[in-house]
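Heads up, the thing below is written out as structure tokens.
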Amino acid sequence: MTAAGPTRKGRWVAYAVLAAFAFSLGLLGWGLRPVGVVVGPYRGPVERALVVDPQRGAVREGVLDGDRYQVGIPEAAREPVVLLEGPNGSSVRSSPFVPAERIDLPLLALWQASPRLRVEAGEVRADWPPVPPEEGYPDPLRYSLLFVYRKPAGRGEASLLSREPSLTISLGELRGLLKDRDPGAREVEVEVRAFDPSQPQGALWVGGRIAWRLPD
């Protein structure tokens with residue numbers, strides 16, 4: 001179990017926040033004209049398919065048809081990704097791709113895995129359902145447990161890495177990771193992720209997220 005670097009740990013939160021902003025721009029019609037289409041198979045209870053390029057403020061929602069998605073590529077996009085969203089905060093994001101008239105992506109499988117945390121004898125023990133060893137999931141595989149908390153000004157993040165679908169950290173160590181937390185903000189958001197460590201810009205899976213209250 002190791003701490004993750006700031007680039008990896010913050011990337012998905014940045015995508016989520018910027019995607020929401022980009023979607024608001026999309027509602028205004030900016031850069032929405034499709035210049036191509038991206039299609040691919042999916043597995044799992046996907047509720048929405050998007051193409052998102054937050055850096056360009058470009059987003060477009062697509063359609064789900066059986067076990068496939070199809071999304072128009074916004075005119076403004078330069079390095080977009082496909083984002084498939086499921087229940088309880090689960091999602092999978094593809095690797096970035098270069099827009100073209102038609103892009104065919106490989107299978108993206110949704111992973112549903114809300115983390116479970118408990119405190120025993122001064123240690124925080126976390127576990128979650130593992131990623132299946134099947135097509136559509138990362139291989140090789142690493143897990144990341146992300147803590148998002150409130151600071152006196154803004155929000156902070158801390159991330160822990162694991163090879164297994166579980167990890168243990170002392171309560172003191174966890175408090176140290178969250179040392180700039182607002183003392184009055186006891187509740188944190190905990191999110192479990194999975195990724196291929198050999199692909200820094202590769203796909204990213206979010207199994208789910210929960211609200212968790214830090215113990216005294």
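Numbering starts fresh at 1 for the residues of each chain in the structure tokens, the chains themselves are lettered A, B, ... in the order given, and ligands are numbered from 1 as they appear.
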**OP:** Identify, on the basis of only C-alpha atoms, every residue whose closest approach to Pro45 of chain A does not exceed 12 Å; exclude the query and any residue fewer than 2 positions from it along the same chain; express the result as a PyMOL selection string.
**Re:** chain A and resi 42-43+47-49+64+66-68+84-92+108-112
**OP:** Extract, using only C-alpha atoms, all DNA, RNA and protein residues at most 8 Å from Leu105 of chain A, discarding same-chain residues fewer than 2 positions from it, and format them as a list in words.
**Re:** Val38, Val39, Gly40, Pro41, Ile103 and Leu107 of chain A
Subject >> Neighbour list for segment 203-215 of chain A as a PyMOL selection string, cut-off 10 Å, only C-alpha atoms, skip fewer than 6 positions in-chain >> reply: chain A and resi 11-12+81-96+108-119+122+124+128-131+137-138+143-148+171+174-175+185-196
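For the set A:Pro133, A:Ala158, A:Glu164, A:Gln201, the residue with the smallest atom-to-atom gap to Gly176 of chain A is A:Ala158, counting only C-alpha atoms.
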